[in-house]
>>> print(open('work-v7.cif').read())   # mmCIF, C-alpha atoms and all ligand atoms
data_my_file
loop_
_atom_site.group_PDB
_atom_site.id
_atom_site.type_symbol
_atom_site.label_atom_id
_atom_site.label_comp_id
_atom_site.auth_asym_id
_atom_site.auth_seq_id
_atom_site.Cartn_x
_atom_site.Cartn_y
_atom_site.Cartn_z
ATOM 1 C CA MET X 1 -55.977 -40.533 -42.495
ATOM 2 C CA LYS X 2 -53.726 -42.628 -40.361
ATOM 3 C CA VAL X 3 -52.272 -45.995 -41.383
ATOM 4 C CA GLU X 4 -51.034 -48.299 -38.617
ATOM 5 C CA ILE X 5 -48.672 -50.971 -39.923
ATOM 6 C CA LEU X 6 -49.352 -54.369 -38.321
ATOM 7 C CA PRO X 7 -46.707 -57.029 -39.072
ATOM 8 C CA ALA X 8 -48.188 -60.552 -39.351
ATOM 9 C CA LEU X 9 -46.936 -64.139 -39.860
ATOM 10 C CA THR X 10 -43.284 -64.024 -40.949
ATOM 11 C CA ASP X 11 -43.222 -61.208 -43.509
ATOM 12 C CA ASN X 12 -46.839 -60.174 -44.171
ATOM 13 C CA TYR X 13 -48.378 -56.810 -43.381
ATOM 14 C CA MET X 14 -51.904 -55.990 -42.261
ATOM 15 C CA TYR X 15 -52.861 -52.302 -42.231
ATOM 16 C CA LEU X 16 -55.324 -50.520 -39.957
ATOM 17 C CA LEU X 17 -56.681 -47.542 -41.906
ATOM 18 C CA ILE X 18 -58.181 -44.908 -39.599
ATOM 19 C CA ASP X 19 -60.361 -41.943 -40.514
ATOM 20 C CA GLN X 20 -59.413 -39.497 -37.781
ATOM 21 C CA ASP X 21 -62.536 -37.335 -38.356
ATOM 22 C CA THR X 22 -65.052 -40.091 -37.538
ATOM 23 C CA ARG X 23 -62.811 -42.657 -35.736
ATOM 24 C CA GLU X 24 -64.066 -45.261 -38.222
ATOM 25 C CA ALA X 25 -61.504 -47.827 -39.392
ATOM 26 C CA ALA X 26 -60.860 -50.507 -42.016
ATOM 27 C CA ILE X 27 -58.418 -53.381 -41.909
ATOM 28 C CA VAL X 28 -56.497 -54.582 -44.956
ATOM 29 C CA ASP X 29 -55.821 -58.369 -45.145
ATOM 30 C CA PRO X 30 -56.487 -59.316 -41.470
ATOM 31 C CA VAL X 31 -54.744 -62.705 -41.436
ATOM 32 C CA GLN X 32 -54.218 -62.487 -37.653
ATOM 33 C CA PRO X 33 -57.582 -61.292 -36.237
ATOM 34 C CA GLN X 34 -56.564 -61.032 -32.560
ATOM 35 C CA LYS X 35 -53.706 -58.675 -33.450
ATOM 36 C CA VAL X 36 -56.190 -56.577 -35.404
ATOM 37 C CA LEU X 37 -58.642 -56.331 -32.500
ATOM 38 C CA ASP X 38 -55.812 -55.418 -30.114
ATOM 39 C CA ALA X 39 -54.844 -52.519 -32.404
ATOM 40 C CA VAL X 40 -58.489 -51.435 -32.783
ATOM 41 C CA LYS X 41 -58.803 -51.300 -28.998
ATOM 42 C CA LYS X 42 -55.518 -49.456 -28.555
ATOM 43 C CA HIS X 43 -56.606 -46.745 -30.997
ATOM 44 C CA GLY X 44 -60.192 -46.575 -29.698
ATOM 45 C CA VAL X 45 -61.674 -46.788 -33.193
ATOM 46 C CA LYS X 46 -64.776 -48.450 -34.662
ATOM 47 C CA LEU X 47 -63.834 -51.205 -37.115
ATOM 48 C CA THR X 48 -66.478 -51.443 -39.857
ATOM 49 C CA THR X 49 -64.686 -52.716 -42.930
ATOM 50 C CA VAL X 50 -62.369 -55.441 -44.223
ATOM 51 C CA LEU X 51 -60.487 -54.740 -47.455
ATOM 52 C CA THR X 52 -59.170 -57.999 -48.953
ATOM 53 C CA THR X 53 -56.545 -57.752 -51.690
ATOM 54 C CA HIS X 54 -56.754 -61.386 -52.845
ATOM 55 C CA HIS X 55 -57.836 -64.869 -51.791
ATOM 56 C CA HIS X 56 -54.446 -66.357 -50.818
ATOM 57 C CA TRP X 57 -54.366 -67.751 -47.305
ATOM 58 C CA ASP X 58 -51.686 -65.373 -46.003
ATOM 59 C CA HIS X 59 -54.000 -62.413 -46.857
ATOM 60 C CA ALA X 60 -57.641 -63.621 -46.649
ATOM 61 C CA GLY X 61 -57.131 -66.534 -44.228
ATOM 62 C CA GLY X 62 -58.281 -64.561 -41.164
ATOM 63 C CA ASN X 63 -61.538 -63.187 -42.583
ATOM 64 C CA GLU X 64 -63.881 -65.900 -41.298
ATOM 65 C CA LYS X 65 -62.474 -65.795 -37.777
ATOM 66 C CA LEU X 66 -62.501 -61.969 -37.629
ATOM 67 C CA VAL X 67 -66.154 -61.861 -38.693
ATOM 68 C CA LYS X 68 -67.027 -64.406 -35.979
ATOM 69 C CA MET X 69 -65.252 -62.279 -33.376
ATOM 70 C CA GLU X 70 -66.729 -59.003 -34.705
ATOM 71 C CA PRO X 71 -70.112 -59.664 -36.403
ATOM 72 C CA GLY X 72 -71.483 -57.104 -38.864
ATOM 73 C CA LEU X 73 -68.261 -56.213 -40.622
ATOM 74 C CA ARG X 74 -68.489 -55.365 -44.330
ATOM 75 C CA VAL X 75 -65.998 -57.632 -46.121
ATOM 76 C CA TYR X 76 -64.848 -56.412 -49.543
ATOM 77 C CA GLY X 77 -62.869 -58.345 -52.160
ATOM 78 C CA GLY X 78 -62.730 -58.981 -55.882
ATOM 79 C CA ASP X 79 -62.829 -62.760 -55.905
ATOM 80 C CA GLY X 80 -65.446 -65.359 -54.910
ATOM 81 C CA ARG X 81 -62.643 -67.339 -53.258
ATOM 82 C CA VAL X 82 -62.250 -64.663 -50.526
ATOM 83 C CA GLY X 83 -63.554 -65.958 -47.184
ATOM 84 C CA ALA X 84 -66.583 -64.276 -45.517
ATOM 85 C CA LEU X 85 -67.049 -61.955 -48.517
ATOM 86 C CA THR X 86 -70.122 -59.709 -48.171
ATOM 87 C CA GLN X 87 -69.499 -57.244 -51.034
ATOM 88 C CA LYS X 88 -67.815 -58.315 -54.268
ATOM 89 C CA VAL X 89 -66.109 -55.343 -55.912
ATOM 90 C CA SER X 90 -64.732 -54.726 -59.398
ATOM 91 C CA HIS X 91 -62.644 -52.098 -61.188
ATOM 92 C CA LEU X 92 -63.500 -48.551 -59.989
ATOM 93 C CA THR X 93 -66.032 -49.663 -57.371
ATOM 94 C CA ALA X 94 -66.139 -46.818 -54.814
ATOM 95 C CA LEU X 95 -66.738 -47.090 -51.079
ATOM 96 C CA GLN X 96 -66.297 -44.976 -47.943
ATOM 97 C CA VAL X 97 -64.553 -45.525 -44.640
ATOM 98 C CA GLY X 98 -65.917 -42.623 -42.593
ATOM 99 C CA SER X 99 -64.869 -39.539 -44.547
ATOM 100 C CA LEU X 100 -62.209 -41.402 -46.551
ATOM 101 C CA SER X 101 -62.899 -42.361 -50.174
ATOM 102 C CA VAL X 102 -61.719 -45.774 -51.326
ATOM 103 C CA LYS X 103 -61.497 -46.691 -55.012
ATOM 104 C CA CYS X 104 -61.043 -50.355 -55.977
ATOM 105 C CA LEU X 105 -58.492 -51.012 -58.719
ATOM 106 C CA SER X 106 -58.644 -54.381 -60.476
ATOM 107 C CA THR X 107 -55.085 -55.634 -61.002
ATOM 108 C CA PRO X 108 -55.301 -59.279 -62.153
ATOM 109 C CA CYS X 109 -52.099 -61.301 -62.616
ATOM 110 C CA HIS X 110 -50.790 -62.553 -59.257
ATOM 111 C CA THR X 111 -54.388 -63.821 -58.899
ATOM 112 C CA SER X 112 -57.239 -63.206 -61.327
ATOM 113 C CA GLY X 113 -59.351 -61.393 -58.705
ATOM 114 C CA HIS X 114 -56.650 -59.189 -57.161
ATOM 115 C CA ILE X 115 -57.785 -55.725 -56.021
ATOM 116 C CA CYS X 116 -55.682 -52.736 -54.934
ATOM 117 C CA TYR X 117 -57.396 -50.094 -52.782
ATOM 118 C CA TYR X 118 -56.693 -46.392 -53.460
ATOM 119 C CA VAL X 119 -57.597 -44.098 -50.569
ATOM 120 C CA THR X 120 -57.963 -40.328 -50.593
ATOM 121 C CA LYS X 121 -59.228 -37.752 -48.128
ATOM 122 C CA PRO X 122 -61.440 -35.354 -50.124
ATOM 123 C CA ASN X 123 -60.762 -31.627 -49.784
ATOM 124 C CA SER X 124 -57.441 -32.123 -48.040
ATOM 125 C CA SER X 125 -53.779 -31.860 -48.969
ATOM 126 C CA GLU X 126 -52.964 -35.228 -47.375
ATOM 127 C CA PRO X 127 -51.186 -37.595 -49.776
ATOM 128 C CA PRO X 128 -53.265 -40.582 -50.955
ATOM 129 C CA ALA X 129 -52.480 -44.168 -49.971
ATOM 130 C CA VAL X 130 -52.697 -47.356 -52.011
ATOM 131 C CA PHE X 131 -52.825 -50.879 -50.578
ATOM 132 C CA THR X 132 -51.243 -53.087 -53.208
ATOM 133 C CA GLY X 133 -51.307 -56.610 -51.706
ATOM 134 C CA ASP X 134 -49.191 -58.950 -53.834
ATOM 135 C CA THR X 135 -49.376 -56.870 -57.035
ATOM 136 C CA LEU X 136 -46.788 -54.158 -56.281
ATOM 137 C CA PHE X 137 -44.110 -54.590 -53.607
ATOM 138 C CA VAL X 138 -41.470 -52.044 -52.670
ATOM 139 C CA ALA X 139 -38.967 -52.578 -55.522
ATOM 140 C CA GLY X 140 -40.766 -55.676 -56.819
ATOM 141 C CA CYS X 141 -44.026 -57.316 -57.857
ATOM 142 C CA GLY X 142 -45.958 -60.524 -57.192
ATOM 143 C CA LYS X 143 -45.469 -63.799 -59.005
ATOM 144 C CA PHE X 144 -47.687 -64.272 -62.061
ATOM 145 C CA PHE X 145 -49.718 -67.212 -60.691
ATOM 146 C CA GLU X 146 -52.930 -66.509 -62.636
ATOM 147 C CA GLY X 147 -51.958 -63.942 -65.252
ATOM 148 C CA THR X 148 -49.696 -62.698 -68.002
ATOM 149 C CA PRO X 149 -46.908 -60.125 -68.456
ATOM 150 C CA ASP X 150 -49.397 -57.939 -70.331
ATOM 151 C CA GLU X 151 -51.717 -57.898 -67.299
ATOM 152 C CA MET X 152 -48.894 -56.980 -64.899
ATOM 153 C CA TYR X 153 -47.797 -54.222 -67.301
ATOM 154 C CA LYS X 154 -51.348 -52.791 -67.226
ATOM 155 C CA ALA X 155 -51.484 -53.102 -63.423
ATOM 156 C CA LEU X 156 -48.113 -51.533 -62.634
ATOM 157 C CA ILE X 157 -47.678 -48.980 -65.412
ATOM 158 C CA GLU X 158 -51.153 -48.029 -66.576
ATOM 159 C CA ILE X 159 -53.199 -48.328 -63.366
ATOM 160 C CA LEU X 160 -50.890 -47.892 -60.342
ATOM 161 C CA GLY X 161 -48.368 -45.881 -62.373
ATOM 162 C CA SER X 162 -50.955 -43.229 -63.217
ATOM 163 C CA LEU X 163 -51.793 -42.480 -59.573
ATOM 164 C CA ASP X 164 -50.463 -39.282 -57.969
ATOM 165 C CA PRO X 165 -46.676 -39.826 -57.614
ATOM 166 C CA LYS X 166 -46.933 -38.787 -53.950
ATOM 167 C CA THR X 167 -49.269 -41.746 -53.233
ATOM 168 C CA ARG X 168 -47.979 -43.842 -50.325
ATOM 169 C CA VAL X 169 -47.557 -47.517 -51.249
ATOM 170 C CA TYR X 170 -48.527 -50.069 -48.574
ATOM 171 C CA CYS X 171 -47.782 -53.563 -49.882
ATOM 172 C CA GLY X 172 -48.529 -57.066 -48.633
ATOM 173 C CA HIS X 173 -45.045 -58.269 -47.686
ATOM 174 C CA GLU X 174 -41.672 -57.127 -46.370
ATOM 175 C CA TYR X 175 -39.601 -58.273 -49.372
ATOM 176 C CA THR X 176 -37.743 -54.995 -49.919
ATOM 177 C CA ILE X 177 -34.134 -56.076 -49.349
ATOM 178 C CA ASN X 178 -34.368 -59.169 -51.555
ATOM 179 C CA ASN X 179 -36.223 -57.192 -54.210
ATOM 180 C CA LEU X 180 -33.537 -54.500 -54.253
ATOM 181 C CA LYS X 181 -30.784 -57.107 -54.608
ATOM 182 C CA PHE X 182 -32.544 -58.352 -57.735
ATOM 183 C CA ALA X 183 -33.052 -54.746 -58.905
ATOM 184 C CA ARG X 184 -29.306 -54.143 -58.504
ATOM 185 C CA HIS X 185 -28.597 -57.264 -60.568
ATOM 186 C CA VAL X 186 -30.829 -55.858 -63.345
ATOM 187 C CA GLU X 187 -29.410 -52.302 -63.174
ATOM 188 C CA PRO X 188 -25.947 -52.336 -61.543
ATOM 189 C CA ASN X 189 -25.426 -48.631 -62.303
ATOM 190 C CA ASN X 190 -28.696 -47.307 -60.849
ATOM 191 C CA LEU X 191 -27.812 -45.191 -57.799
ATOM 192 C CA SER X 192 -31.418 -45.021 -56.544
ATOM 193 C CA ILE X 193 -31.305 -48.791 -56.052
ATOM 194 C CA GLN X 194 -28.064 -48.641 -54.087
ATOM 195 C CA GLU X 195 -29.296 -45.828 -51.842
ATOM 196 C CA LYS X 196 -32.623 -47.541 -51.166
ATOM 197 C CA LEU X 197 -30.859 -50.845 -50.403
ATOM 198 C CA ALA X 198 -28.533 -49.203 -47.867
ATOM 199 C CA TRP X 199 -31.554 -47.532 -46.247
ATOM 200 C CA ALA X 200 -33.589 -50.784 -46.244
ATOM 201 C CA LYS X 201 -30.734 -52.693 -44.545
ATOM 202 C CA ALA X 202 -30.546 -49.987 -41.857
ATOM 203 C CA GLN X 203 -34.315 -50.200 -41.305
ATOM 204 C CA TYR X 204 -34.045 -53.982 -41.003
ATOM 205 C CA GLU X 205 -31.193 -53.676 -38.474
ATOM 206 C CA SER X 206 -33.312 -51.402 -36.284
ATOM 207 C CA GLY X 207 -36.369 -53.654 -36.616
ATOM 208 C CA GLU X 208 -38.336 -51.067 -38.619
ATOM 209 C CA PRO X 209 -40.492 -51.700 -41.705
ATOM 210 C CA THR X 210 -39.499 -50.344 -45.124
ATOM 211 C CA ILE X 211 -43.140 -49.376 -45.741
ATOM 212 C CA PRO X 212 -44.462 -47.105 -47.203
ATOM 213 C CA SER X 213 -42.712 -46.061 -50.391
ATOM 214 C CA THR X 214 -44.337 -43.784 -52.967
ATOM 215 C CA ILE X 215 -45.421 -44.394 -56.561
ATOM 216 C CA GLY X 216 -42.953 -41.719 -57.705
ATOM 217 C CA GLU X 217 -40.077 -43.467 -55.901
ATOM 218 C CA GLU X 218 -40.988 -46.891 -57.312
ATOM 219 C CA PHE X 219 -40.364 -45.557 -60.823
ATOM 220 C CA THR X 220 -36.736 -44.862 -59.807
ATOM 221 C CA TYR X 221 -35.728 -48.313 -58.480
ATOM 222 C CA ASN X 222 -38.404 -50.961 -59.173
ATOM 223 C CA PRO X 223 -37.338 -52.925 -62.277
ATOM 224 C CA PHE X 224 -40.942 -54.009 -62.957
ATOM 225 C CA MET X 225 -42.030 -50.341 -63.035
ATOM 226 C CA ARG X 226 -38.993 -49.554 -65.230
ATOM 227 C CA VAL X 227 -39.636 -51.974 -68.119
ATOM 228 C CA ARG X 228 -39.832 -48.999 -70.526
ATOM 229 C CA GLU X 229 -36.218 -48.007 -69.652
ATOM 230 C CA LYS X 230 -33.451 -49.000 -72.051
ATOM 231 C CA SER X 231 -31.238 -50.238 -69.200
ATOM 232 C CA VAL X 232 -33.862 -52.769 -68.078
ATOM 233 C CA GLN X 233 -34.745 -53.831 -71.643
ATOM 234 C CA ASP X 234 -31.049 -54.321 -72.470
ATOM 235 C CA HIS X 235 -30.626 -56.535 -69.393
ATOM 236 C CA ALA X 236 -33.602 -58.639 -70.545
ATOM 237 C CA GLY X 237 -32.378 -58.734 -74.158
ATOM 238 C CA GLU X 238 -35.733 -57.315 -75.269
ATOM 239 C CA SER X 239 -36.931 -54.065 -76.852
ATOM 240 C CA ASP X 240 -40.580 -54.276 -75.880
ATOM 241 C CA PRO X 241 -41.779 -53.372 -72.352
ATOM 242 C CA VAL X 242 -44.284 -56.250 -72.021
ATOM 243 C CA ARG X 243 -41.749 -58.844 -73.186
ATOM 244 C CA THR X 244 -39.258 -57.255 -70.765
ATOM 245 C CA MET X 245 -41.828 -57.651 -67.963
ATOM 246 C CA GLY X 246 -42.166 -61.369 -68.762
ATOM 247 C CA ALA X 247 -38.417 -61.904 -69.012
ATOM 248 C CA ILE X 248 -37.426 -60.237 -65.731
ATOM 249 C CA ARG X 249 -40.280 -61.911 -63.806
ATOM 250 C CA LYS X 250 -39.065 -65.287 -65.064
ATOM 251 C CA GLU X 251 -35.505 -64.372 -64.122
ATOM 252 C CA LYS X 252 -36.553 -63.316 -60.613
ATOM 253 C CA ASP X 253 -38.485 -66.586 -60.112
ATOM 254 C CA ASN X 254 -35.113 -68.376 -60.347
ATOM 255 C CA PHE X 255 -32.879 -65.675 -58.794
ATOM 256 C CA ARG X 256 -30.519 -66.765 -56.024
ATOM 257 C CA VAL X 257 -30.378 -63.807 -53.639
ATOM 258 C CA PRO X 258 -26.774 -62.922 -52.698
ATOM 259 C CA LYS X 259 -25.814 -62.557 -49.011
ATOM 260 C CA ASP X 260 -25.107 -58.834 -49.350
HETATM 261 N N1 LIG T 1 -39.536 -65.088 -52.865
HETATM 262 C C1 LIG T 1 -40.491 -65.023 -51.779
HETATM 263 C C2 LIG T 1 -41.121 -66.394 -51.649
HETATM 264 C C3 LIG T 1 -42.545 -66.357 -51.226
HETATM 265 C C4 LIG T 1 -43.503 -65.982 -52.392
HETATM 266 O O1 LIG T 1 -43.535 -66.653 -53.445
HETATM 267 N N2 LIG T 1 -44.288 -64.940 -52.205
HETATM 268 C C5 LIG T 1 -45.299 -64.508 -53.163
HETATM 269 C C6 LIG T 1 -46.375 -63.711 -52.410
HETATM 270 S S1 LIG T 1 -47.157 -64.629 -51.098
HETATM 271 C C7 LIG T 1 -44.722 -63.604 -54.241
HETATM 272 O O2 LIG T 1 -45.454 -63.241 -55.138
HETATM 273 N N3 LIG T 1 -43.432 -63.228 -54.171
HETATM 274 C C8 LIG T 1 -42.838 -62.315 -55.131
HETATM 275 C C9 LIG T 1 -41.399 -62.624 -55.441
HETATM 276 O O3 LIG T 1 -40.883 -63.652 -54.936
HETATM 277 O O4 LIG T 1 -40.801 -61.863 -56.203
HETATM 278 C C10 LIG T 1 -39.713 -64.536 -50.553
HETATM 279 O O5 LIG T 1 -38.952 -63.578 -50.732
HETATM 280 O O6 LIG T 1 -39.875 -65.016 -49.433
HETATM 281 ZN ZN ZN T 2 -50.530 -63.878 -52.861
HETATM 282 ZN ZN ZN T 3 -48.716 -62.999 -50.079
#
>>> encode(input="work-v7.cif", output="structure tokens")
Amino acid sequence: MKVEILPALTDNYMYLLIDQDTREAAIVDPVQPQKVLDAVKKHGVKLTTVLTTHHHWDHAGGNEKLVKMEPGLRVYGGDGRVGALTQKVSHLTALQVGSLSVKCLSTPCHTSGHICYYVTKPNSSEPPAVFTGDTLFVAGCGKFFEGTPDEMYKALIEILGSLDPKTRVYCGHEYTINNLKFARHVEPNNLSIQEKLAWAKAQYESGEPTIPSTIGEEFTYNPFMRVREKSVQDHAGESDPVRTMGAIRKEKDNFRVPKD
């Protein structure tokens, strides 16, 4: 599989997922349809599928226009509020993009209908990919607009956290530097955070994305994936991982990001 990263709006990402065996492709969260069609043309692939992570405008807001420009697309999503939806999916719904297998993972919390898409290439040694929208970011997670700390714990630790650690994480926004500054505030002595922050700043300076990370890496620096660690619980003044999840999300909602 090949994943082309398509920056959109100010800090969103769309992703063109290509099955190199069949030249069939899917697009994740096509908020800027013309950019998508330009990339489809450049790669000479057949776009058949839209994978929508959630109904927010900056993710699903291009669906209707894309379907008008390219009739016949299958539009997947987990929420009736997703524009141009043709197939409503739920937890563990399976679909194919050419020879690639896609498994839908229901991760309610940021929105109640949020879906992450886990992609594998059967009978190959290629690492899997997961498209996490606004549930999991590199070193962070989405705001809890329609859910609870318990739901985000299930999403991050039990569902995404049990994927192959080599799984590539493709998230919905470029928030990595700000997320790592908050992570450093939570765990000032965590060297993985400091290394990743230095790397992310260098990527930013050269105009490169910080995407993808891996699930295994996220467990080393993402405070929301580390709510079972004593260091994170101590910072939150809690001894329970779900209460820690709630406390650090609330703290991040009000966090003033330092300049460096
Ligand atoms: N803090 C965001 C503000 C925008 C925002 O609220 N984004 C939503 C997704 S569209 C979110 O869940 N952000 C997670 C966070 O701020 O930790 C930023 O860094 O620009
Ligand atoms: Zn959102
Ligand atoms: Zn968003």
>>> atom_distance(input="work-v7.cif", atom1="CA of Ser213 in chain X", atom2="CA of Thr176 in chain X")
10.2 Å
>>> axis_aligned_box(input="work-v7.cif", around="range 136-142 of chain X", padding_each_side="8 Å", output="JSON")
{"center_x": -42.9, "center_y": -56.3, "center_z": -55.3, "size_x": 23.8, "size_y": 24.5, "size_z": 21.2}
>>> resolve_selection(input="work-v7.cif", expression="the PyMOL selection byres (((chain X and resi 140) around 8) and not hetatm)", output="short mmCIF file (atom, residue, chain, number, x, y, z; two decimals) with C-alpha atoms, keeping the file's coordinate frame")
data_model
loop_
_atom_site.label_atom_id
_atom_site.label_comp_id
_atom_site.auth_asym_id
_atom_site.auth_seq_id
_atom_site.Cartn_x
_atom_site.Cartn_y
_atom_site.Cartn_z
CA LEU X 136 -46.79 -54.16 -56.28
CA PHE X 137 -44.11 -54.59 -53.61
CA VAL X 138 -41.47 -52.04 -52.67
CA ALA X 139 -38.97 -52.58 -55.52
CA CYS X 141 -44.03 -57.32 -57.86
CA GLY X 142 -45.96 -60.52 -57.19
CA TYR X 175 -39.60 -58.27 -49.37
CA THR X 176 -37.74 -55.00 -49.92
CA ASN X 179 -36.22 -57.19 -54.21
CA LEU X 180 -33.54 -54.50 -54.25
CA ASN X 222 -38.40 -50.96 -59.17
CA PRO X 223 -37.34 -52.92 -62.28
CA PHE X 224 -40.94 -54.01 -62.96
#
>>> residues_near_ligand(input="work-v7.cif", ligand="ligand ZN 3 (chain T)", cutoff="7 Å", atoms="all atoms listed in the file", output="list in words")
Asn12, His56, Asp58, His59, Asp134, Gly172 and His173 of chain X
>>> residues_near_point(input="work-v7.cif", point="(-42.1, -55.3, -75.2)", cutoff="12 Å", atoms="only C-alpha atoms", output="NGL selection string")
:X and (149-150 or 153 or 226-230 or 232-234 or 236-248)
>>> resolve_selection(input="work-v7.cif", expression="the PyMOL selection byres (((chain X and resi 192-206) around 9) and not hetatm)", output="list of chain:residue names")
X:Ala139, X:Thr176, X:Ile177, X:Leu180, X:Lys181, X:Ala183, X:Arg184, X:Glu187, X:Pro188, X:Asn189, X:Asn190, X:Leu191, X:Gly207, X:Glu208, X:Pro209, X:Thr210, X:Glu217, X:Thr220, X:Tyr221, X:Asn222
>>> closest_residue(input="work-v7.cif", among="X:Leu66, X:Val119, X:Val257, X:Val28", to="Leu100 in chain X", atoms="all atoms listed in the file")
X:Val119
>>> closest_residue(input="work-v7.cif", among="X:Gly98, X:Ser112, X:Leu9, X:Phe182", to="Asp21 in chain X", atoms="only C-alpha atoms")
X:Gly98
>>> closest_residue(input="work-v7.cif", among="X:Ser231, X:Ser125, X:Asn254, X:Thr167", to="ligand LIG 1 (chain T)", atoms="only C-alpha atoms and all ligand atoms")
X:Asn254
>>> residues_around(input="work-v7.cif", residues="Thr148 in chain X", least_positions_apart="6", cutoff="9 Å", atoms="only C-alpha atoms", output="list of chain:residue names")
X:Pro108, X:Cys109, X:His110, X:Gly246
>>> resolve_selection(input="work-v7.cif", expression="the PyMOL selection byres (((chain X and resi 89) around 12) and not hetatm)", output="VMD selection string")
chain X and resid 51 to 54 74 to 80 82 85 to 88 90 to 95 102 to 106 113 to 117
>>> closest_residue(input="work-v7.cif", among="X:Trp57, X:Ile18, X:Val36, X:Lys250", to="Gln96 in chain X", atoms="all atoms listed in the file")
X:Ile18
>>> atom_distance(input="work-v7.cif", atom1="CA of His43 in chain X", atom2="atom C6 of ligand LIG 1 (chain T)")
29.2 Å
>>> atom_distance(input="work-v7.cif", atom1="CA of Lys121 in chain X", atom2="CA of Ile5 in chain X")
18.8 Å
>>> residues_around(input="work-v7.cif", residues="range 214-216 of chain X", least_positions_apart="6", cutoff="9 Å", atoms="only C-alpha atoms", output="number ranges by chain")
X: 129, 138, 160-170
>>> write_last_selection(input="work-v7.cif", atoms="C-alpha atoms", output="mmCIF file, in the frame of the given file")
data_model
loop_
_atom_site.group_PDB
_atom_site.id
_atom_site.type_symbol
_atom_site.label_atom_id
_atom_site.label_comp_id
_atom_site.auth_asym_id
_atom_site.auth_seq_id
_atom_site.Cartn_x
_atom_site.Cartn_y
_atom_site.Cartn_z
ATOM 1 C CA ALA X 129 -52.480 -44.168 -49.971
ATOM 2 C CA VAL X 138 -41.470 -52.044 -52.670
ATOM 3 C CA LEU X 160 -50.890 -47.892 -60.342
ATOM 4 C CA GLY X 161 -48.368 -45.881 -62.373
ATOM 5 C CA SER X 162 -50.955 -43.229 -63.217
ATOM 6 C CA LEU X 163 -51.793 -42.480 -59.573
ATOM 7 C CA ASP X 164 -50.463 -39.282 -57.969
ATOM 8 C CA PRO X 165 -46.676 -39.826 -57.614
ATOM 9 C CA LYS X 166 -46.933 -38.787 -53.950
ATOM 10 C CA THR X 167 -49.269 -41.746 -53.233
ATOM 11 C CA ARG X 168 -47.979 -43.842 -50.325
ATOM 12 C CA VAL X 169 -47.557 -47.517 -51.249
ATOM 13 C CA TYR X 170 -48.527 -50.069 -48.574
#
>>> closest_residue(input="work-v7.cif", among="X:Tyr15, X:Phe255, X:Phe131, X:Tyr118", to="ligand LIG 1 (chain T)", atoms="only C-alpha atoms and all ligand atoms")
X:Phe255
>>> closest_residue(input="work-v7.cif", among="X:Thr132, X:Lys252, X:Thr107, X:Glu146", to="Ile211 in chain X", atoms="only C-alpha atoms")
X:Thr132
>>> residues_near_point(input="work-v7.cif", point="(-53.7, -60.3, -40.8)", cutoff="9 Å", atoms="all atoms listed in the file", output="PyMOL selection string")
chain X and resi 6-9+12-15+27-36+58-63
>>> write_last_selection(input="work-v7.cif", atoms="C-alpha atoms", output="PDB file, keeping the file's coordinate frame")
ATOM      1  CA  LEU X   6     -49.352 -54.369 -38.321  1.00  0.00           C
ATOM      2  CA  PRO X   7     -46.707 -57.029 -39.072  1.00  0.00           C
ATOM      3  CA  ALA X   8     -48.188 -60.552 -39.351  1.00  0.00           C
ATOM      4  CA  LEU X   9     -46.936 -64.139 -39.860  1.00  0.00           C
ATOM      5  CA  ASN X  12     -46.839 -60.174 -44.171  1.00  0.00           C
ATOM      6  CA  TYR X  13     -48.378 -56.810 -43.381  1.00  0.00           C
ATOM      7  CA  MET X  14     -51.904 -55.990 -42.261  1.00  0.00           C
ATOM      8  CA  TYR X  15     -52.861 -52.302 -42.231  1.00  0.00           C
ATOM      9  CA  ILE X  27     -58.418 -53.381 -41.909  1.00  0.00           C
ATOM     10  CA  VAL X  28     -56.497 -54.582 -44.956  1.00  0.00           C
ATOM     11  CA  ASP X  29     -55.821 -58.369 -45.145  1.00  0.00           C
ATOM     12  CA  PRO X  30     -56.487 -59.316 -41.470  1.00  0.00           C
ATOM     13  CA  VAL X  31     -54.744 -62.705 -41.436  1.00  0.00           C
ATOM     14  CA  GLN X  32     -54.218 -62.487 -37.653  1.00  0.00           C
ATOM     15  CA  PRO X  33     -57.582 -61.292 -36.237  1.00  0.00           C
ATOM     16  CA  GLN X  34     -56.564 -61.032 -32.560  1.00  0.00           C
ATOM     17  CA  LYS X  35     -53.706 -58.675 -33.450  1.00  0.00           C
ATOM     18  CA  VAL X  36     -56.190 -56.577 -35.404  1.00  0.00           C
ATOM     19  CA  ASP X  58     -51.686 -65.373 -46.003  1.00  0.00           C
ATOM     20  CA  HIS X  59     -54.000 -62.413 -46.857  1.00  0.00           C
ATOM     21  CA  ALA X  60     -57.641 -63.621 -46.649  1.00  0.00           C
ATOM     22  CA  GLY X  61     -57.131 -66.534 -44.228  1.00  0.00           C
ATOM     23  CA  GLY X  62     -58.281 -64.561 -41.164  1.00  0.00           C
ATOM     24  CA  ASN X  63     -61.538 -63.187 -42.583  1.00  0.00           C
TER      25      ASN X  63
END
